[in-house]
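Content type mmCIF, C-alpha atoms, from the file structure_16.cif:
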data_data
#
loop_
_atom_site.label_atom_id
_atom_site.label_comp_id
_atom_site.auth_asym_id
_atom_site.auth_seq_id
_atom_site.Cartn_x
_atom_site.Cartn_y
_atom_site.Cartn_z
CA MET D 1 -46.34 3.67 59.10
CA LYS D 2 -46.12 0.85 56.58
CA ILE D 3 -48.79 0.55 53.87
CA LEU D 4 -49.19 -2.56 51.69
CA ILE D 5 -50.70 -1.99 48.22
CA ALA D 6 -52.08 -5.13 46.55
CA ASP D 7 -53.11 -4.87 42.89
CA ASP D 8 -52.31 -7.07 39.91
CA SER D 9 -51.93 -4.00 37.69
CA ARG D 10 -48.50 -2.38 37.89
CA VAL D 11 -49.83 0.92 36.56
CA MET D 12 -52.64 0.93 39.14
CA ARG D 13 -50.12 0.37 41.96
CA GLN D 14 -48.20 3.38 40.57
CA ILE D 15 -51.40 5.44 40.47
CA VAL D 16 -52.26 4.46 44.06
CA ILE D 17 -48.75 5.45 45.22
CA ARG D 18 -48.96 8.75 43.31
CA THR D 19 -52.39 9.48 44.77
CA LEU D 20 -51.19 8.68 48.29
CA ARG D 21 -48.44 11.29 47.80
CA GLN D 22 -50.94 13.82 46.40
CA ALA D 23 -53.20 13.17 49.40
CA GLY D 24 -50.37 13.95 51.80
CA TYR D 25 -49.30 10.44 52.77
CA GLY D 26 -45.99 10.53 50.93
CA GLY D 27 -43.76 9.93 53.92
CA HIS D 28 -44.91 6.41 54.62
CA ASP D 29 -43.19 3.14 53.87
CA LEU D 30 -45.00 1.61 50.87
CA ILE D 31 -44.74 -2.05 49.87
CA GLU D 32 -46.41 -3.76 46.91
CA ALA D 33 -48.00 -7.12 46.12
CA GLU D 34 -49.24 -8.29 42.72
CA ASN D 35 -51.99 -10.55 44.07
CA GLY D 36 -53.74 -11.61 47.26
CA ALA D 37 -51.51 -14.61 47.92
CA VAL D 38 -48.38 -12.45 47.86
CA ALA D 39 -50.14 -9.85 49.99
CA LEU D 40 -51.11 -12.50 52.57
CA GLU D 41 -47.49 -13.57 52.86
CA LEU D 42 -46.29 -9.97 53.13
CA VAL D 43 -48.78 -9.17 55.89
CA HIS D 44 -47.28 -11.98 57.97
CA THR D 45 -43.62 -11.19 57.18
CA GLN D 46 -43.71 -7.38 56.91
CA ALA D 47 -46.47 -6.52 59.41
CA PRO D 48 -47.92 -3.51 57.55
CA ASP D 49 -50.10 -1.03 59.44
CA LEU D 50 -52.64 -0.78 56.61
CA VAL D 51 -53.58 -2.87 53.56
CA LEU D 52 -55.04 -1.23 50.43
CA SER D 53 -56.22 -4.01 48.14
CA ASP D 54 -57.80 -4.46 44.75
CA TRP D 55 -60.76 -6.86 44.60
CA ASN D 56 -60.29 -8.83 41.34
CA MET D 57 -56.80 -10.35 41.23
CA PRO D 58 -55.36 -13.69 40.06
CA GLU D 59 -54.14 -16.34 42.53
CA MET D 60 -56.14 -14.89 45.42
CA ASN D 61 -58.68 -12.09 45.12
CA GLY D 62 -59.09 -9.27 47.60
CA ILE D 63 -62.12 -10.56 49.47
CA ASP D 64 -60.47 -13.98 49.95
CA LEU D 65 -57.33 -12.19 51.16
CA LEU D 66 -59.36 -10.26 53.71
CA ARG D 67 -61.20 -13.38 54.89
CA ALA D 68 -57.94 -15.33 55.18
CA LEU D 69 -56.41 -12.55 57.26
CA ARG D 70 -59.38 -12.36 59.64
CA ALA D 71 -59.62 -16.17 59.86
CA SER D 72 -56.01 -16.25 61.03
CA GLY D 73 -56.72 -13.61 63.66
CA GLU D 74 -54.85 -10.88 61.77
CA GLN D 75 -56.64 -7.59 62.42
CA VAL D 76 -54.56 -5.24 60.23
CA PRO D 77 -56.72 -2.32 59.00
CA PHE D 78 -57.91 -3.18 55.49
CA GLY D 79 -59.49 -1.09 52.73
CA PHE D 80 -60.45 -1.94 49.17
CA VAL D 81 -59.36 0.17 46.19
CA THR D 82 -61.36 -1.36 43.39
CA SER D 83 -63.57 -0.90 40.36
CA GLU D 84 -66.25 -2.75 42.35
CA GLY D 85 -68.39 0.04 43.74
CA THR D 86 -71.98 -1.15 43.95
CA PRO D 87 -73.75 -1.16 47.34
CA GLU D 88 -73.81 -4.99 47.29
CA MET D 89 -70.03 -5.16 46.96
CA VAL D 90 -69.54 -2.50 49.64
CA ASP D 91 -71.77 -4.57 51.95
CA ARG D 92 -69.72 -7.69 51.21
CA ALA D 93 -66.51 -5.79 51.90
CA MET D 94 -67.70 -4.33 55.19
CA SER D 95 -69.28 -7.55 56.46
CA SER D 96 -65.96 -9.31 55.82
CA GLY D 97 -64.07 -6.80 57.93
CA ALA D 98 -63.00 -4.00 55.57
CA LEU D 99 -62.87 -0.46 56.92
CA PHE D 100 -63.75 1.21 53.62
CA LEU D 101 -64.02 0.80 49.86
CA ILE D 102 -62.55 3.38 47.50
CA ALA D 103 -63.93 3.02 43.96
CA LYS D 104 -61.69 3.40 40.91
CA PRO D 105 -61.15 5.91 39.49
CA PHE D 106 -60.37 7.82 42.66
CA THR D 107 -58.97 11.21 43.63
CA ALA D 108 -56.63 12.43 46.34
CA ASP D 109 -59.74 13.70 48.13
CA SER D 110 -61.37 10.27 48.12
CA PHE D 111 -58.18 8.87 49.64
CA ARG D 112 -58.09 11.57 52.33
CA ASP D 113 -61.77 11.01 53.13
CA GLN D 114 -61.11 7.38 54.01
CA LEU D 115 -57.50 7.35 55.19
CA ASP D 116 -57.39 10.32 57.54
CA ALA D 117 -59.12 8.26 60.23
CA VAL D 118 -56.69 5.37 59.78
CA VAL D 119 -53.30 6.85 58.91
CA ALA D 120 -51.53 8.56 61.76
CA MET A 1 -89.40 -1.91 34.14
CA SER A 2 -89.92 -5.45 32.90
CA ALA A 3 -88.28 -8.51 34.39
CA ASP A 4 -86.31 -8.90 31.15
CA LEU A 5 -84.81 -5.45 31.42
CA ASP A 6 -83.87 -6.10 35.03
CA GLN A 7 -81.65 -8.92 33.80
CA LEU A 8 -79.67 -6.70 31.46
CA VAL A 9 -76.33 -5.14 32.19
CA ARG A 10 -76.38 -1.43 32.97
CA ALA A 11 -76.19 0.70 29.83
CA PRO A 12 -73.75 3.55 30.57
CA GLY A 13 -74.25 7.02 29.16
CA ALA A 14 -71.57 9.16 27.53
CA ALA A 15 -71.35 11.31 30.67
CA ASP A 16 -70.50 8.21 32.73
CA VAL A 17 -67.73 7.29 30.28
CA ARG A 18 -66.32 10.83 30.27
CA GLU A 19 -66.31 11.00 34.08
CA LEU A 20 -64.61 7.63 34.45
CA LEU A 21 -61.92 8.23 31.81
CA THR A 22 -61.25 11.79 33.02
CA GLY A 23 -60.72 10.50 36.54
CA LEU A 24 -58.63 7.51 35.55
CA LEU A 25 -56.46 9.28 32.98
CA GLY A 26 -56.22 12.50 34.97
CA ARG A 27 -57.11 14.58 31.91
CA ASP A 28 -60.26 16.30 30.71
CA VAL A 29 -61.31 13.72 28.17
CA THR A 30 -63.87 14.88 25.60
CA LEU A 31 -66.38 12.68 23.80
CA GLU A 32 -68.46 12.93 20.66
CA PRO A 33 -71.10 10.54 19.34
CA SER A 34 -69.75 8.35 16.58
CA ASP A 35 -70.85 5.76 14.07
CA GLY A 36 -70.85 2.18 15.29
CA PHE A 37 -67.32 0.80 15.54
CA THR A 38 -66.92 -2.96 15.34
CA GLY A 39 -63.15 -3.24 14.97
CA ASP A 40 -60.68 -2.42 12.22
CA ALA A 41 -59.23 -5.57 10.70
CA ALA A 42 -56.65 -3.60 8.68
CA THR A 43 -54.88 -1.86 11.57
CA GLY A 44 -56.06 -3.96 14.52
CA SER A 45 -58.26 -3.10 17.46
CA THR A 46 -58.64 -4.04 21.10
CA PHE A 47 -61.64 -6.09 22.25
CA ALA A 48 -62.60 -6.41 25.92
CA VAL A 49 -65.08 -9.06 27.03
CA TYR A 50 -67.10 -8.56 30.20
CA VAL A 51 -68.83 -11.52 31.84
CA ASP A 52 -71.23 -12.07 34.71
CA ASP A 53 -70.62 -14.38 37.67
CA GLN A 54 -71.79 -17.35 35.56
CA LEU A 55 -69.15 -16.39 32.93
CA THR A 56 -71.82 -15.43 30.41
CA THR A 57 -70.71 -12.57 28.16
CA ARG A 58 -72.73 -9.48 29.05
CA ALA A 59 -70.85 -6.75 27.20
CA VAL A 60 -68.00 -6.14 24.78
CA ALA A 61 -65.90 -3.00 24.41
CA VAL A 62 -64.03 -2.24 21.18
CA VAL A 63 -61.20 0.28 21.07
CA ASP A 64 -59.45 1.33 17.87
CA LEU A 65 -55.67 1.29 17.51
CA PRO A 66 -55.07 5.01 18.20
CA LEU A 67 -57.22 5.14 21.34
CA SER A 68 -55.70 1.85 22.54
CA ALA A 69 -52.25 3.42 22.35
CA TYR A 70 -53.25 6.82 23.74
CA ALA A 71 -55.23 5.43 26.70
CA GLY A 72 -52.48 2.94 27.54
CA ALA A 73 -49.92 5.72 27.51
CA ALA A 74 -51.99 8.37 29.31
CA VAL A 75 -52.91 6.15 32.26
CA GLY A 76 -49.22 5.47 32.91
CA LEU A 77 -48.03 9.02 32.19
CA LEU A 78 -45.97 7.69 29.28
CA PRO A 79 -44.87 10.06 26.49
CA ALA A 80 -47.32 10.74 23.67
CA GLY A 81 -44.52 10.13 21.15
CA GLY A 82 -44.26 6.49 22.15
CA ALA A 83 -47.99 6.08 21.69
CA GLN A 84 -47.81 7.71 18.26
CA ASP A 85 -44.97 5.36 17.31
CA ALA A 86 -47.18 2.44 18.35
CA VAL A 87 -49.97 3.70 16.08
CA ALA A 88 -47.55 4.10 13.17
CA GLU A 89 -46.17 0.60 13.73
CA ARG A 90 -49.65 -0.86 14.28
CA ASP A 91 -48.49 -2.63 17.41
CA LEU A 92 -48.58 -1.84 21.11
CA THR A 93 -45.65 -2.37 23.44
CA PRO A 94 -46.22 -4.79 26.33
CA ILE A 95 -46.49 -1.91 28.80
CA LEU A 96 -49.12 -0.15 26.64
CA LYS A 97 -51.12 -3.39 26.47
CA GLU A 98 -50.84 -3.93 30.22
CA ASN A 99 -51.89 -0.36 30.96
CA LEU A 100 -54.79 -0.49 28.50
CA ALA A 101 -56.02 -3.71 30.12
CA GLU A 102 -56.27 -1.86 33.43
CA VAL A 103 -58.26 0.95 31.80
CA LEU A 104 -60.64 -1.69 30.40
CA ASN A 105 -60.75 -3.37 33.82
CA VAL A 106 -61.81 -0.16 35.56
CA MET A 107 -64.40 0.41 32.82
CA ALA A 108 -66.30 -2.58 34.20
CA ALA A 109 -67.60 -0.11 36.78
CA LEU A 110 -69.64 1.48 33.97
CA LEU A 111 -71.64 -1.72 33.59
CA ASN A 112 -72.40 -2.45 37.23
CA GLU A 113 -75.41 -1.22 39.11
CA GLU A 114 -77.27 -2.39 42.19
CA GLY A 115 -79.87 -5.02 41.37
CA ARG A 116 -78.33 -6.06 38.04
CA PRO A 117 -75.98 -8.96 37.30
CA HIS A 118 -72.44 -8.28 38.47
CA VAL A 119 -69.96 -8.12 35.59
CA LYS A 120 -66.21 -7.98 35.40
CA LEU A 121 -63.51 -7.96 32.74
CA ALA A 122 -62.74 -11.50 31.60
CA ASP A 123 -60.58 -11.21 28.47
CA VAL A 124 -58.71 -8.61 26.48
CA HIS A 125 -57.86 -9.34 22.84
CA HIS A 126 -55.11 -6.89 22.04
CA VAL A 127 -54.11 -5.37 18.73
CA GLY A 128 -52.45 -8.16 16.77
CA SER A 129 -54.67 -10.96 18.05
CA TRP A 130 -58.08 -10.91 16.42
CA PRO A 131 -60.81 -12.35 18.68
CA SER A 132 -63.18 -15.25 18.04
CA PRO A 133 -66.08 -14.88 15.58
CA GLN A 134 -68.46 -14.83 18.57
CA VAL A 135 -66.72 -11.82 20.12
CA CYS A 136 -66.73 -10.08 16.71
CA ALA A 137 -70.44 -10.83 16.35
CA ASP A 138 -71.12 -9.51 19.86
CA ALA A 139 -69.20 -6.33 19.03
CA ALA A 140 -71.33 -5.86 15.91
CA ALA A 141 -74.66 -6.27 17.71
CA THR A 142 -77.13 -3.49 17.12
CA GLY A 143 -79.36 -1.81 19.65
CA ARG A 144 -77.74 -1.64 23.03
CA ARG A 145 -74.52 0.14 22.15
CA LEU A 146 -72.69 3.38 22.90
CA ASP A 147 -70.41 4.59 20.08
CA LEU A 148 -68.01 7.41 20.84
CA THR A 149 -64.99 9.29 19.58
CA VAL A 150 -62.78 9.93 22.60
CA THR A 151 -60.15 12.68 22.66
CA ILE A 152 -57.41 12.55 25.31
CA PRO A 153 -55.66 15.94 25.61
CA LEU A 154 -51.97 15.90 24.60
CA TYR A 155 -52.36 12.40 23.15
CA GLY A 156 -55.09 12.26 20.52
CA ALA A 157 -58.44 10.83 19.53
CA GLY A 158 -59.82 7.41 18.76
CA ARG A 159 -62.96 5.36 18.81
CA LEU A 160 -64.63 3.41 21.58
CA SER A 161 -67.78 1.32 21.41
CA ILE A 162 -69.44 -0.41 24.35
CA VAL A 163 -71.99 -3.05 23.39
CA GLY A 164 -74.47 -4.77 25.70
CA VAL A 165 -74.69 -8.37 24.52
CA ARG A 166 -77.58 -9.95 26.36
#
Show me the file's structure as structure tokens.
Amino acid sequence: MKILIADDSRVMRQIVIRTLRQAGYGGHDLIEAENGAVALELVHTQAPDLVLSDWNMPEMNGIDLLRALRASGEQVPFGFVTSEGTPEMVDRAMSSGALFLIAKPFTADSFRDQLDAVVA
Amino acid sequence: MSADLDQLVRAPGAADVRELLTGLLGRDVTLEPSDGFTGDAATGSTFAVYVDDQLTTRAVAVVDLPLSAYAGAAVGLLPAGGAQDAVAERDLTPILKENLAEVLNVMAALLNEEGRPHVKLADVHHVGSWPSPQVCADAAATGRRLDLTVTIPLYGAGRLSIVGVR
């Protein structure tokens, strides 16, 4: 399957990719976006099967990306990977249509806990 | 707890800092209490400014030159030698600065807690660009601060202070 990773930090995208491999999801097609606006475009042109997105990003943040996707009828599975981990932010994420929120810093186990149900 | 305290940013403990940095850097970071660090004008330091949703400064983090280089290198799995060169030259490469900014971004999680104002990283003043007098004054505030010496295995040690501003 194709997984889109949206994060404005290049090193964090590398860490997410490394952690996906460590968690056993190394064989998937991974594409990257440096902000929500780029990610929105890539969802429409590349049709990923899963979006893993940061919350705080320039141009378009993660929650606005998620809302724009759902407003356009796009139902791609969406999870946050973010330093935002309080219950309020998790509630905001879920009520906007996210499947899960993985808080930074994360481990391969925290990826497996959330992704096993989504990634075939 | 008084209403005033409810308005303050969360004050992280050393154990919170160790857990976050160990997870993010993938190494067993060790911490020791340290004297208050407010920046080193001679060699340069990194200042991170954290704001609430009204853009009011709630906390400042100060990182000395060595820890700036070591954390920026460790998070990206970059060689320790490059970080040591950066310390010797008193300047960080663009990739070290970019990586360090992400470490400081993730550290915002230390300041957030349910029921308190939400804060996020707003600005990073890297080594070589001294911040405004207000940021320096915030970094020097007494009282609500956590002053640590942080050792990153295979890289080295440096100083980190996290200061609650208001």
* To do: Name every residue that the PyMOL selection byres ((chain A and resi 135-145) around 7) selects in this structure, writing the answer as a count of residues only with chains first and numbers rising.
  => 14
* To do: Output the residue selection produced by the PyMOL selection byres ((chain A) within 8 of (chain D)) on the file above, formatted as an MDAnalysis selection string.
  => chainID A and resid 20 23:24 75:76 98:99 102 105:109 112:114
* To do: Taking the file as shown, find all residues satisfying the PyMOL selection byres ((chain A and resi 57) around 12) and write them as a ChimeraX atom specification.
  => /A:8-9,48-56,58-61,117-123,134-135,137-139,163-166
For the residues in the current selection, export C-alpha atoms as a CSV table (one decimal), in the coordinates of the input.
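Written file, selection-v3.csv:
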chain,number,residue,atom,x,y,z
A,8,LEU,CA,-79.7,-6.7,31.5
A,9,VAL,CA,-76.3,-5.1,32.2
A,48,ALA,CA,-62.6,-6.4,25.9
A,49,VAL,CA,-65.1,-9.1,27.0
A,50,TYR,CA,-67.1,-8.6,30.2
A,51,VAL,CA,-68.8,-11.5,31.8
A,52,ASP,CA,-71.2,-12.1,34.7
A,53,ASP,CA,-70.6,-14.4,37.7
A,54,GLN,CA,-71.8,-17.4,35.6
A,55,LEU,CA,-69.2,-16.4,32.9
A,56,THR,CA,-71.8,-15.4,30.4
A,58,ARG,CA,-72.7,-9.5,29.0
A,59,ALA,CA,-70.8,-6.8,27.2
A,60,VAL,CA,-68.0,-6.1,24.8
A,61,ALA,CA,-65.9,-3.0,24.4
A,117,PRO,CA,-76.0,-9.0,37.3
A,118,HIS,CA,-72.4,-8.3,38.5
A,119,VAL,CA,-70.0,-8.1,35.6
A,120,LYS,CA,-66.2,-8.0,35.4
A,121,LEU,CA,-63.5,-8.0,32.7
A,122,ALA,CA,-62.7,-11.5,31.6
A,123,ASP,CA,-60.6,-11.2,28.5
A,134,GLN,CA,-68.5,-14.8,18.6
A,135,VAL,CA,-66.7,-11.8,20.1
A,137,ALA,CA,-70.4,-10.8,16.4
A,138,ASP,CA,-71.1,-9.5,19.9
A,139,ALA,CA,-69.2,-6.3,19.0
A,163,VAL,CA,-72.0,-3.0,23.4
A,164,GLY,CA,-74.5,-4.8,25.7
A,165,VAL,CA,-74.7,-8.4,24.5
A,166,ARG,CA,-77.6,-10.0,26.4
* **Contact residues around D:Ala93 with all atoms listed in the file at 10 Å, ignoring same-chain residues under 2 positions, as a list of chain:residue names** =>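 Near neighbours after the sequence-gap exclusion: D:Trp55, D:Gly62, D:Ile63, D:Leu66, D:Arg67, D:Phe78, D:Gly79, D:Phe80, D:Pro87, D:Glu88, D:Met89, D:Val90, D:Asp91, D:Ser95, D:Ser96, D:Gly97, D:Ala98, D:Leu99, D:Phe100, D:Leu101.
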* Selected residue of minimal separation from D:Lys2 among D:Glu32, D:Asp49, D:Asp54, D:Glu41, counting only C-alpha atoms ->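 Ranked by minimum distance to D:Lys2, first place goes to D:Asp49.
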* Asked: Closest to D:Phe111 among D:Leu52, D:Val76, D:Asp29, D:Val38, using all atoms listed in the file?
  -> D:Leu52
* Asked: Which polymer residues have any atom within 10 Å of an atom of A:Gly13, counting all atoms listed in the file, with same-chain residues fewer than 2 positions away left out, as a ChimeraX atom specification?
  -> /A:10-11,15-18,110,145-146
Any chance you can output those residues with C-alpha atoms as an mmCIF file, in the coordinates of the input?
data_model
loop_
_atom_site.group_PDB
_atom_site.id
_atom_site.type_symbol
_atom_site.label_atom_id
_atom_site.label_comp_id
_atom_site.auth_asym_id
_atom_site.auth_seq_id
_atom_site.Cartn_x
_atom_site.Cartn_y
_atom_site.Cartn_z
ATOM 1 C CA ARG A 10 -76.380 -1.430 32.970
ATOM 2 C CA ALA A 11 -76.190 0.700 29.830
ATOM 3 C CA ALA A 15 -71.350 11.310 30.670
ATOM 4 C CA ASP A 16 -70.500 8.210 32.730
ATOM 5 C CA VAL A 17 -67.730 7.290 30.280
ATOM 6 C CA ARG A 18 -66.320 10.830 30.270
ATOM 7 C CA LEU A 110 -69.640 1.480 33.970
ATOM 8 C CA ARG A 145 -74.520 0.140 22.150
ATOM 9 C CA LEU A 146 -72.690 3.380 22.900
#
* A:Leu100, A:Leu25, A:Leu65, A:Val124: which is nearest A:Leu77, counting only C-alpha atoms? ->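 The answer is A:Leu25, which sits nearest to A:Leu77.
Between atom CA of D:Gln46 and atom CA of D:Asp64 there is a distance of 19.3 Å.
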* Do you have the atom CA of D:Glu74-atom CA of D:Gly27 distance handy? ->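 Going from atom CA of D:Glu74 over to atom CA of D:Gly27, I get 24.9 Å.
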* To do: Extract, using all atoms listed in the file, all DNA, RNA and protein residues at most 12 Å from A:Ala88, discarding same-chain residues fewer than 2 positions from it, and format them as number ranges by chain.
  => A: 43-44, 65-66, 69, 81-86, 90-92
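For the pair atom CA of A:Leu31 and atom CA of A:Val150, the separation is 4.7 Å.
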